[in-house]
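Engineer: Supplied in structure tokens, the structure appears directly below.
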Amino acid sequence: MKKKAIITGLSLLVLVTGCYVYNAFYGNPVSRALAEQKLSAYLQEAHAGATLNMKGSSYNFKFAEYLFRVSDERNDEYIFSVKGGLHPAVTNDGIKEARQEKTRARISKEASDEIKAELEKS
């Protein structure tokens, strides 16, 4: 009886440890589904007029977040990050980031042109 209890306890410990390690590196299906639902609701709210399709997802174990590839009607792909287990939140919006990058590039070019014009004057 005692030997059976020890074997059962050790088996349970190995199983729990294995599930914990797997969850740490690959995530779990429940939190993936919750993250996907959260992203879908976020896309409908934040980007209501756009036609967006989720292409795939992966788990980033370094930051414990799910990364989703989303494409628009022009087949441009954007990366969205969703972090959290039972209460996920969108932490990175690829579309907003792409727009901000375009704005940064435009402002940088305008500033560069102005500085170049001032240097040519002197």
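Letters A, B, ... mark the chains of the structure tokens in the order given; residue numbers begin at 1 per chain; ligand numbers begin at 1, in order shown.
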I want to know what sits within 8 Å of Glu73 (chain A), based on only C-alpha atoms, with residues of the same chain fewer than 5 positions away left out; could you give that as an mmCIF file with all heavy atoms, in the first residue's frame?

Structural biologist:
```cif
data_model
loop_
_atom_site.group_PDB
_atom_site.id
_atom_site.type_symbol
_atom_site.label_atom_id
_atom_site.label_comp_id
_atom_site.auth_asym_id
_atom_site.auth_seq_id
_atom_site.Cartn_x
_atom_site.Cartn_y
_atom_site.Cartn_z
ATOM 1 N N ALA A 50 -11.635 48.138 -41.516
ATOM 2 C CA ALA A 50 -10.670 47.342 -42.284
ATOM 3 C C ALA A 50 -11.087 45.876 -42.341
ATOM 4 O O ALA A 50 -11.723 45.358 -41.435
ATOM 5 C CB ALA A 50 -9.290 47.451 -41.645
ATOM 6 N N THR A 51 -10.711 45.226 -43.435
ATOM 7 C CA THR A 51 -10.922 43.792 -43.571
ATOM 8 C C THR A 51 -9.625 43.103 -43.174
ATOM 9 O O THR A 51 -8.650 43.131 -43.914
ATOM 10 C CB THR A 51 -11.276 43.428 -45.025
ATOM 11 O OG1 THR A 51 -12.405 44.199 -45.412
ATOM 12 C CG2 THR A 51 -11.572 41.958 -45.162
ATOM 13 N N LEU A 52 -9.621 42.514 -41.992
ATOM 14 C CA LEU A 52 -8.412 41.897 -41.459
ATOM 15 C C LEU A 52 -8.634 40.409 -41.234
ATOM 16 O O LEU A 52 -9.696 39.991 -40.797
ATOM 17 C CB LEU A 52 -8.014 42.568 -40.143
ATOM 18 C CG LEU A 52 -7.744 44.066 -40.233
ATOM 19 C CD1 LEU A 52 -7.593 44.664 -38.847
ATOM 20 C CD2 LEU A 52 -6.511 44.330 -41.055
#
```

Engineer: Determine which residues of chain A DSSP labels as helix (DSSP H, G or I) from the backbone of this structure, then write them out as number ranges by chain.

Structural biologist: A: 2-26, 29-46, 94-121

Engineer: List the neighbours of Arg69 (chain A) out to 6 Å using only C-alpha atoms; skip same-chain residues closer than 5 positions along the sequence, and give me the result as a VMD selection string.

Structural biologist: chain A and resid 54 to 56 78 to 79

Engineer: Provide the CA of Tyr66 (chain A) to CA of Val14 (chain A) distance in Å, to one decimal place.

Structural biologist: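 Straight-line distance from CA of Tyr66 (chain A) to CA of Val14 (chain A) works out to 26.4 Å.
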
Engineer: Which is closest to Tyr26 (chain A) among A:Leu12, A:Ile107, A:Ala64, A:Ile115, if we use only C-alpha atoms?

Structural biologist: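 Among the listed residues, A:Ala64 lies closest to Tyr26 (chain A).
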
Engineer: So, with only C-alpha atoms as the atoms that count, which of A:Glu45, A:Glu110, A:Glu77, A:Glu65 lies closest to Gly27 (chain A)?

Structural biologist: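 Of the candidates, the smallest distance to Gly27 (chain A) is held by A:Glu65.
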
Engineer: When you count only C-alpha atoms, which of these residues is closest to Arg32 (chain A): A:Ser57, A:Ser122, A:Gly94, A:Lys62?

Structural biologist: A:Ser57

Engineer: So the first atom is CA of Glu120 (chain A) and the second is CA of Lys102 (chain A); what is the distance between them in Å, to one decimal place?

Structural biologist: 26.9 Å

Engineer: Please identify the strand (DSSP E) residues within region 7-117 of chain A (assignment by DSSP from backbone atoms) and present them as a VMD selection string.

Structural biologist: chain A and resid 53 to 60 65 to 71 77 to 83 89 to 92
